[in-house]
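Q: I'd like to ask some things about the structure below.
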Amino acid sequence: MRAWQYNKYGGGATSLEQVEIPVPKAGKNQILLKIHASSVNPVDWKLQTGFAKLVIRLTLPITPGLDMAGTVAAVGSGVTHLSVGDRVAVQTNMTKQGALAEYAAVDTKAAIAKLPPEVSFEQAAGLPVAARTVLQGLTKAGAFPKSNGRVLVLGGSGGVGHYAVQVAKAAGAHVTATAGARNFDLLKSLGADEVLD
């Protein structure tokens with residue numbers, strides 16, 4: 001299968017090389033994902049710069065990419081909640097084989113969400129890290145899964161912020177978001193009760 005890898009830190013996108021590697025197999029508690037779309041998360045390029053190499057050890061060469069969406073092509077032993085053909089969005093482990101490939105073997109302990117039919121793979125590929133960040137943050141703040149309180153979202157029109165507005169509103173919170181004036185209408189359309197510059 002085709003994959004894009006880097007074998008040294010630094011160099012950005014110019015150090016990615018297209019390579020041919022074997023299609024991985026779904027092991028115990030894993031799925032084999034046929035990747036239809038992926039996105040580049042800021043974490044991906046920060047890891048490539050070597051920013052966190054003292055804390056997060058990558059085995060090079062590595063196929064980067066945390067966020068992906070695709071179809072379950074195979075399931076390993078122990079997998080009971082996913083089936084071949086399921087459409088899913090995935091946040092994979094940053095130290096394992098990532099999204100910039102045709103297939104990935106994904107541990108089922110990774111963040112995996114089934115997709116409704118109206119969500120395209122391209123739309124879903126940008127969701128996992130940002131959406132998971134929102135869910136974790138709102139849960140720790142006590143504003144999810146149910147909230148009758150107030151939530152302030154700083155940077156409401158950003159990648160994480162616009163999800164936070166929607167999730168907090170769906171949970172019942174009164175949502176105030178900050179953004180530049182040009183994004184006020186967007187945030188109102190996403191459910192913000194108040195928008196501040």
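How things are named: the first chain in the structure tokens is A, the next is B, and so on; residues count from 1 in each chain; ligands count from 1 in the order shown.
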Could you produce a table of the residues of region 47-97 of chain A lying within 7 Å of region 124-129 of chain A, with the nearest pair of atoms per residue and their separation in Å rounded to one decimal, using only C-alpha atoms, ordered by chain and increasing residue number, as a tab-separated table?
A:
```
residue	atom	partner	partner_atom	distance
A:Asp67	CA	A:Ala125	CA	5.6
A:Met68	CA	A:Ala125	CA	4.6
A:Ala69	CA	A:Ala125	CA	5.0
A:Ala89	CA	A:Ala124	CA	5.9
A:Val90	CA	A:Pro128	CA	6.0
A:Gln91	CA	A:Pro128	CA	5.1
```
Q: Restricting the output to N, CA and C atoms, write the selected residues as a tab-separated table (two decimals), in the first residue's frame.
A:
```
chain	number	residue	atom	x	y	z
A	67	ASP	N	-5.70	12.06	12.82
A	67	ASP	CA	-7.12	12.12	12.46
A	67	ASP	C	-7.38	11.44	11.12
A	68	MET	N	-8.36	10.54	11.11
A	68	MET	CA	-8.69	9.84	9.87
A	68	MET	C	-10.14	9.40	9.89
A	69	ALA	N	-10.65	9.11	8.70
A	69	ALA	CA	-12.00	8.57	8.57
A	69	ALA	C	-11.98	7.54	7.45
A	89	ALA	N	-14.85	7.57	12.23
A	89	ALA	CA	-13.79	8.57	12.38
A	89	ALA	C	-12.91	8.08	13.52
A	90	VAL	N	-11.61	8.28	13.40
A	90	VAL	CA	-10.66	7.71	14.36
A	90	VAL	C	-9.60	8.73	14.74
A	91	GLN	N	-9.29	8.77	16.03
A	91	GLN	CA	-8.07	9.43	16.49
A	91	GLN	C	-7.14	8.31	16.93
```
Q: Do you know which residues are at most 10 Å from Lys96 (chain A) counting only C-alpha atoms, after dropping those on the same chain fewer than 6 positions away, and could you put them as a ChimeraX atom specification?
A: /A:58-59,62-66,104-107
Q: Can you list, as a PyMOL selection string, every residue of region 32-81 of chain A that DSSP puts in strand (DSSP E)?
A: chain A and resi 32-39+67-75
Q: Can I get the selected residues back with C-alpha atoms, as a PDB file, in the first residue's frame?
A:
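Done, and the output landed in result.pdb:
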```
ATOM      1  CA  LEU A  32      -8.123  -2.592   9.879  1.00  0.00           C
ATOM      2  CA  LEU A  33      -9.308   0.762   8.567  1.00  0.00           C
ATOM      3  CA  LYS A  34      -9.495   1.548   4.844  1.00  0.00           C
ATOM      4  CA  ILE A  35      -8.680   5.255   5.033  1.00  0.00           C
ATOM      5  CA  HIS A  36     -10.795   7.491   2.798  1.00  0.00           C
ATOM      6  CA  ALA A  37      -9.752  10.866   4.254  1.00  0.00           C
ATOM      7  CA  SER A  38      -7.291  12.276   6.757  1.00  0.00           C
ATOM      8  CA  SER A  39      -6.339  15.686   8.041  1.00  0.00           C
ATOM      9  CA  ASP A  67      -7.119  12.118  12.457  1.00  0.00           C
ATOM     10  CA  MET A  68      -8.692   9.845   9.869  1.00  0.00           C
ATOM     11  CA  ALA A  69     -11.998   8.566   8.572  1.00  0.00           C
ATOM     12  CA  GLY A  70     -12.788   5.464   6.619  1.00  0.00           C
ATOM     13  CA  THR A  71     -14.429   2.081   6.457  1.00  0.00           C
ATOM     14  CA  VAL A  72     -13.718  -0.906   8.679  1.00  0.00           C
ATOM     15  CA  ALA A  73     -12.093  -3.441   6.322  1.00  0.00           C
ATOM     16  CA  ALA A  74     -11.436  -6.189   8.903  1.00  0.00           C
ATOM     17  CA  VAL A  75     -11.833  -6.800  12.620  1.00  0.00           C
TER      18      VAL A  75
END
```
Q: Fewer than 3 positions away in the same chain doesn't count, so skip those; otherwise give me all residues within 12 Å of Gly161 (chain A), counting only C-alpha atoms, as a PyMOL selection string.
A: chain A and resi 130-135+137-138+151-158+164-168+175-179+183+186-187+190+192
Q: Could you save the residues just selected, with N, CA and C atoms, as a PDB file, in the first residue's frame?
A:
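Once everything was written out, this is out19.pdb:
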```
ATOM      1  N   ALA A 130      -9.878  17.427  17.753  1.00  0.00           N
ATOM      2  CA  ALA A 130     -10.574  18.624  18.240  1.00  0.00           C
ATOM      3  C   ALA A 130     -11.827  18.261  19.027  1.00  0.00           C
ATOM      4  N   ALA A 131     -12.623  17.340  18.504  1.00  0.00           N
ATOM      5  CA  ALA A 131     -13.856  16.957  19.199  1.00  0.00           C
ATOM      6  C   ALA A 131     -13.559  16.262  20.524  1.00  0.00           C
ATOM      7  N   ARG A 132     -12.546  15.411  20.536  1.00  0.00           N
ATOM      8  CA  ARG A 132     -12.187  14.733  21.789  1.00  0.00           C
ATOM      9  C   ARG A 132     -11.673  15.735  22.820  1.00  0.00           C
ATOM     10  N   THR A 133     -10.928  16.726  22.378  1.00  0.00           N
ATOM     11  CA  THR A 133     -10.457  17.780  23.279  1.00  0.00           C
ATOM     12  C   THR A 133     -11.640  18.487  23.931  1.00  0.00           C
ATOM     13  N   VAL A 134     -12.662  18.796  23.139  1.00  0.00           N
ATOM     14  CA  VAL A 134     -13.866  19.454  23.659  1.00  0.00           C
ATOM     15  C   VAL A 134     -14.568  18.571  24.681  1.00  0.00           C
ATOM     16  N   LEU A 135     -14.795  17.317  24.335  1.00  0.00           N
ATOM     17  CA  LEU A 135     -15.502  16.417  25.254  1.00  0.00           C
ATOM     18  C   LEU A 135     -14.753  16.262  26.568  1.00  0.00           C
ATOM     19  N   GLY A 137     -12.550  18.394  27.897  1.00  0.00           N
ATOM     20  CA  GLY A 137     -12.549  19.669  28.612  1.00  0.00           C
ATOM     21  C   GLY A 137     -13.880  19.977  29.257  1.00  0.00           C
ATOM     22  N   LEU A 138     -14.964  19.812  28.511  1.00  0.00           N
ATOM     23  CA  LEU A 138     -16.288  20.099  29.069  1.00  0.00           C
ATOM     24  C   LEU A 138     -16.667  19.102  30.158  1.00  0.00           C
ATOM     25  N   VAL A 151     -21.356  28.494  29.983  1.00  0.00           N
ATOM     26  CA  VAL A 151     -20.050  28.099  29.465  1.00  0.00           C
ATOM     27  C   VAL A 151     -19.496  29.261  28.647  1.00  0.00           C
ATOM     28  N   LEU A 152     -18.238  29.608  28.911  1.00  0.00           N
ATOM     29  CA  LEU A 152     -17.529  30.618  28.129  1.00  0.00           C
ATOM     30  C   LEU A 152     -16.527  29.895  27.244  1.00  0.00           C
ATOM     31  N   VAL A 153     -16.630  30.104  25.953  1.00  0.00           N
ATOM     32  CA  VAL A 153     -15.714  29.490  24.995  1.00  0.00           C
ATOM     33  C   VAL A 153     -14.832  30.593  24.424  1.00  0.00           C
ATOM     34  N   LEU A 154     -13.554  30.563  24.786  1.00  0.00           N
ATOM     35  CA  LEU A 154     -12.591  31.525  24.245  1.00  0.00           C
ATOM     36  C   LEU A 154     -12.135  31.032  22.878  1.00  0.00           C
ATOM     37  N   GLY A 155     -12.127  31.909  21.896  1.00  0.00           N
ATOM     38  CA  GLY A 155     -11.746  31.491  20.545  1.00  0.00           C
ATOM     39  C   GLY A 155     -12.799  30.588  19.931  1.00  0.00           C
ATOM     40  N   GLY A 156     -14.044  30.992  20.019  1.00  0.00           N
ATOM     41  CA  GLY A 156     -15.163  30.158  19.590  1.00  0.00           C
ATOM     42  C   GLY A 156     -15.188  29.802  18.123  1.00  0.00           C
ATOM     43  N   SER A 157     -14.500  30.545  17.276  1.00  0.00           N
ATOM     44  CA  SER A 157     -14.529  30.233  15.844  1.00  0.00           C
ATOM     45  C   SER A 157     -13.351  29.367  15.414  1.00  0.00           C
ATOM     46  N   GLY A 158     -12.495  28.982  16.348  1.00  0.00           N
ATOM     47  CA  GLY A 158     -11.342  28.147  16.017  1.00  0.00           C
ATOM     48  C   GLY A 158     -11.705  26.680  15.878  1.00  0.00           C
ATOM     49  N   ALA A 164     -16.792  23.240  20.679  1.00  0.00           N
ATOM     50  CA  ALA A 164     -17.171  23.497  22.074  1.00  0.00           C
ATOM     51  C   ALA A 164     -18.501  24.235  22.149  1.00  0.00           C
ATOM     52  N   VAL A 165     -18.696  25.208  21.277  1.00  0.00           N
ATOM     53  CA  VAL A 165     -19.970  25.937  21.254  1.00  0.00           C
ATOM     54  C   VAL A 165     -21.122  24.964  21.010  1.00  0.00           C
ATOM     55  N   GLN A 166     -20.983  24.108  20.018  1.00  0.00           N
ATOM     56  CA  GLN A 166     -22.065  23.192  19.652  1.00  0.00           C
ATOM     57  C   GLN A 166     -22.336  22.148  20.730  1.00  0.00           C
ATOM     58  N   VAL A 167     -21.280  21.567  21.286  1.00  0.00           N
ATOM     59  CA  VAL A 167     -21.458  20.525  22.304  1.00  0.00           C
ATOM     60  C   VAL A 167     -22.041  21.115  23.580  1.00  0.00           C
ATOM     61  N   ALA A 168     -21.527  22.262  24.011  1.00  0.00           N
ATOM     62  CA  ALA A 168     -22.047  22.892  25.228  1.00  0.00           C
ATOM     63  C   ALA A 168     -23.515  23.274  25.053  1.00  0.00           C
ATOM     64  N   VAL A 175     -24.358  29.558  26.302  1.00  0.00           N
ATOM     65  CA  VAL A 175     -23.011  29.633  25.743  1.00  0.00           C
ATOM     66  C   VAL A 175     -22.670  31.066  25.345  1.00  0.00           C
ATOM     67  N   THR A 176     -21.566  31.548  25.903  1.00  0.00           N
ATOM     68  CA  THR A 176     -20.975  32.815  25.486  1.00  0.00           C
ATOM     69  C   THR A 176     -19.649  32.471  24.818  1.00  0.00           C
ATOM     70  N   ALA A 177     -19.417  33.020  23.628  1.00  0.00           N
ATOM     71  CA  ALA A 177     -18.187  32.725  22.894  1.00  0.00           C
ATOM     72  C   ALA A 177     -17.495  34.030  22.521  1.00  0.00           C
ATOM     73  N   THR A 178     -16.171  33.970  22.431  1.00  0.00           N
ATOM     74  CA  THR A 178     -15.402  35.117  21.956  1.00  0.00           C
ATOM     75  C   THR A 178     -14.881  34.822  20.556  1.00  0.00           C
ATOM     76  N   ALA A 179     -14.823  35.872  19.740  1.00  0.00           N
ATOM     77  CA  ALA A 179     -14.304  35.751  18.375  1.00  0.00           C
ATOM     78  C   ALA A 179     -14.218  37.141  17.780  1.00  0.00           C
ATOM     79  N   ASN A 183     -16.820  36.724  12.679  1.00  0.00           N
ATOM     80  CA  ASN A 183     -17.311  35.371  12.961  1.00  0.00           C
ATOM     81  C   ASN A 183     -18.539  35.342  13.864  1.00  0.00           C
ATOM     82  N   LEU A 186     -21.452  33.292  12.335  1.00  0.00           N
ATOM     83  CA  LEU A 186     -21.135  31.866  12.366  1.00  0.00           C
ATOM     84  C   LEU A 186     -21.423  31.290  13.743  1.00  0.00           C
ATOM     85  N   LEU A 187     -20.921  31.943  14.791  1.00  0.00           N
ATOM     86  CA  LEU A 187     -21.099  31.419  16.143  1.00  0.00           C
ATOM     87  C   LEU A 187     -22.557  31.429  16.572  1.00  0.00           C
ATOM     88  N   LEU A 190     -24.157  28.457  15.137  1.00  0.00           N
ATOM     89  CA  LEU A 190     -23.754  27.216  15.802  1.00  0.00           C
ATOM     90  C   LEU A 190     -24.391  27.064  17.178  1.00  0.00           C
ATOM     91  N   ALA A 192     -24.350  29.754  19.785  1.00  0.00           N
ATOM     92  CA  ALA A 192     -23.906  30.664  20.847  1.00  0.00           C
ATOM     93  C   ALA A 192     -25.033  31.631  21.199  1.00  0.00           C
TER      94      ALA A 192
END
```
Q: Give me, as a VMD selection string, all polymer residues having an atom no more than 9 Å from Ile21 (chain A), counting only C-alpha atoms and skipping those fewer than 5 positions away in the same chain.
A: chain A and resid 1 to 3
Q: Go through A:Lys53, A:Trp4, A:Gly159, A:Val195 one by one, measure the shortest atom-to-atom distance of each to Gln97 (chain A) using only C-alpha atoms, and give the residue with the smallest value.
A: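 Looking only at the distances to Gln97 (chain A), the closest residue turns out to be A:Trp4.
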Q: What residues in region 26-145 of chain A get the DSSP label alpha helix (DSSP H)? Please answer as a PyMOL selection string.
A: chain A and resi 42-49+121-124+128-140
Q: Go ahead and save the residues from that selection, with N, CA and C atoms, as a PDB file, in the first residue's frame.
A:
```pdb
ATOM      1  N   PRO A  42      -2.407  20.081  14.103  1.00  0.00           N
ATOM      2  CA  PRO A  42      -1.194  20.752  14.578  1.00  0.00           C
ATOM      3  C   PRO A  42      -0.254  19.833  15.362  1.00  0.00           C
ATOM      4  N   VAL A  43      -0.812  18.854  16.064  1.00  0.00           N
ATOM      5  CA  VAL A  43       0.038  17.906  16.798  1.00  0.00           C
ATOM      6  C   VAL A  43       0.934  17.133  15.830  1.00  0.00           C
ATOM      7  N   ASP A  44       0.400  16.787  14.659  1.00  0.00           N
ATOM      8  CA  ASP A  44       1.180  16.037  13.670  1.00  0.00           C
ATOM      9  C   ASP A  44       2.447  16.788  13.280  1.00  0.00           C
ATOM     10  N   TRP A  45       2.306  18.052  12.908  1.00  0.00           N
ATOM     11  CA  TRP A  45       3.499  18.769  12.460  1.00  0.00           C
ATOM     12  C   TRP A  45       4.409  19.138  13.619  1.00  0.00           C
ATOM     13  N   LYS A  46       3.846  19.316  14.823  1.00  0.00           N
ATOM     14  CA  LYS A  46       4.715  19.585  15.978  1.00  0.00           C
ATOM     15  C   LYS A  46       5.573  18.366  16.304  1.00  0.00           C
ATOM     16  N   LEU A  47       4.975  17.175  16.213  1.00  0.00           N
ATOM     17  CA  LEU A  47       5.762  15.958  16.436  1.00  0.00           C
ATOM     18  C   LEU A  47       6.867  15.839  15.392  1.00  0.00           C
ATOM     19  N   GLN A  48       6.565  16.186  14.144  1.00  0.00           N
ATOM     20  CA  GLN A  48       7.548  16.060  13.075  1.00  0.00           C
ATOM     21  C   GLN A  48       8.729  16.998  13.294  1.00  0.00           C
ATOM     22  N   THR A  49       8.522  18.125  13.940  1.00  0.00           N
ATOM     23  CA  THR A  49       9.633  19.050  14.194  1.00  0.00           C
ATOM     24  C   THR A  49      10.570  18.541  15.278  1.00  0.00           C
ATOM     25  N   PHE A 121     -16.671  11.437   4.686  1.00  0.00           N
ATOM     26  CA  PHE A 121     -15.357  11.096   5.231  1.00  0.00           C
ATOM     27  C   PHE A 121     -14.491  12.344   5.350  1.00  0.00           C
ATOM     28  N   GLU A 122     -14.596  13.233   4.367  1.00  0.00           N
ATOM     29  CA  GLU A 122     -13.796  14.459   4.397  1.00  0.00           C
ATOM     30  C   GLU A 122     -14.178  15.337   5.590  1.00  0.00           C
ATOM     31  N   GLN A 123     -15.460  15.442   5.866  1.00  0.00           N
ATOM     32  CA  GLN A 123     -15.899  16.213   7.036  1.00  0.00           C
ATOM     33  C   GLN A 123     -15.421  15.553   8.322  1.00  0.00           C
ATOM     34  N   ALA A 124     -15.545  14.252   8.392  1.00  0.00           N
ATOM     35  CA  ALA A 124     -15.225  13.519   9.617  1.00  0.00           C
ATOM     36  C   ALA A 124     -13.735  13.495   9.921  1.00  0.00           C
ATOM     37  N   PRO A 128     -11.686  14.165  14.949  1.00  0.00           N
ATOM     38  CA  PRO A 128     -11.309  13.409  16.145  1.00  0.00           C
ATOM     39  C   PRO A 128     -10.549  14.154  17.238  1.00  0.00           C
ATOM     40  N   VAL A 129      -9.404  14.737  16.966  1.00  0.00           N
ATOM     41  CA  VAL A 129      -8.623  15.359  18.043  1.00  0.00           C
ATOM     42  C   VAL A 129      -9.356  16.565  18.619  1.00  0.00           C
ATOM     43  N   ALA A 130      -9.878  17.427  17.753  1.00  0.00           N
ATOM     44  CA  ALA A 130     -10.574  18.624  18.240  1.00  0.00           C
ATOM     45  C   ALA A 130     -11.827  18.261  19.027  1.00  0.00           C
ATOM     46  N   ALA A 131     -12.623  17.340  18.504  1.00  0.00           N
ATOM     47  CA  ALA A 131     -13.856  16.957  19.199  1.00  0.00           C
ATOM     48  C   ALA A 131     -13.559  16.262  20.524  1.00  0.00           C
ATOM     49  N   ARG A 132     -12.546  15.411  20.536  1.00  0.00           N
ATOM     50  CA  ARG A 132     -12.187  14.733  21.789  1.00  0.00           C
ATOM     51  C   ARG A 132     -11.673  15.735  22.820  1.00  0.00           C
ATOM     52  N   THR A 133     -10.928  16.726  22.378  1.00  0.00           N
ATOM     53  CA  THR A 133     -10.457  17.780  23.279  1.00  0.00           C
ATOM     54  C   THR A 133     -11.640  18.487  23.931  1.00  0.00           C
ATOM     55  N   VAL A 134     -12.662  18.796  23.139  1.00  0.00           N
ATOM     56  CA  VAL A 134     -13.866  19.454  23.659  1.00  0.00           C
ATOM     57  C   VAL A 134     -14.568  18.571  24.681  1.00  0.00           C
ATOM     58  N   LEU A 135     -14.795  17.317  24.335  1.00  0.00           N
ATOM     59  CA  LEU A 135     -15.502  16.417  25.254  1.00  0.00           C
ATOM     60  C   LEU A 135     -14.753  16.262  26.568  1.00  0.00           C
ATOM     61  N   GLN A 136     -13.440  16.099  26.501  1.00  0.00           N
ATOM     62  CA  GLN A 136     -12.655  15.967  27.728  1.00  0.00           C
ATOM     63  C   GLN A 136     -12.699  17.251  28.546  1.00  0.00           C
ATOM     64  N   GLY A 137     -12.550  18.394  27.897  1.00  0.00           N
ATOM     65  CA  GLY A 137     -12.549  19.669  28.612  1.00  0.00           C
ATOM     66  C   GLY A 137     -13.880  19.977  29.257  1.00  0.00           C
ATOM     67  N   LEU A 138     -14.964  19.812  28.511  1.00  0.00           N
ATOM     68  CA  LEU A 138     -16.288  20.099  29.069  1.00  0.00           C
ATOM     69  C   LEU A 138     -16.667  19.102  30.158  1.00  0.00           C
ATOM     70  N   THR A 139     -16.248  17.850  30.009  1.00  0.00           N
ATOM     71  CA  THR A 139     -16.533  16.849  31.043  1.00  0.00           C
ATOM     72  C   THR A 139     -15.804  17.199  32.333  1.00  0.00           C
ATOM     73  N   LYS A 140     -14.522  17.533  32.227  1.00  0.00           N
ATOM     74  CA  LYS A 140     -13.749  17.894  33.423  1.00  0.00           C
ATOM     75  C   LYS A 140     -14.273  19.164  34.077  1.00  0.00           C
TER      76      LYS A 140
END
```
Q: Using Å and a single decimal, report how far CA of Lys25 (chain A) sits from CA of Pro116 (chain A).
A: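 Interatomic distance here is 26.0 Å.
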Q: Between A:Ala141, A:Val160, A:Ala173, A:Val19, which one has atoms that come closest to Gln5 (chain A), using only C-alpha atoms?
A: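 Using only C-alpha atoms, Gln5 (chain A) sits closest to A:Val19.
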Q: Fewer than 3 positions away in the same chain doesn't count, so skip those; otherwise give me all residues within 10 Å of Leu82 (chain A), counting only C-alpha atoms, as a count of residues only.
A: 14
Q: CA of Phe144 (chain A) to CA of Arg182 (chain A): how many Å, to one decimal?
A: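 Computing it gives 28.4 Å between the two atoms.
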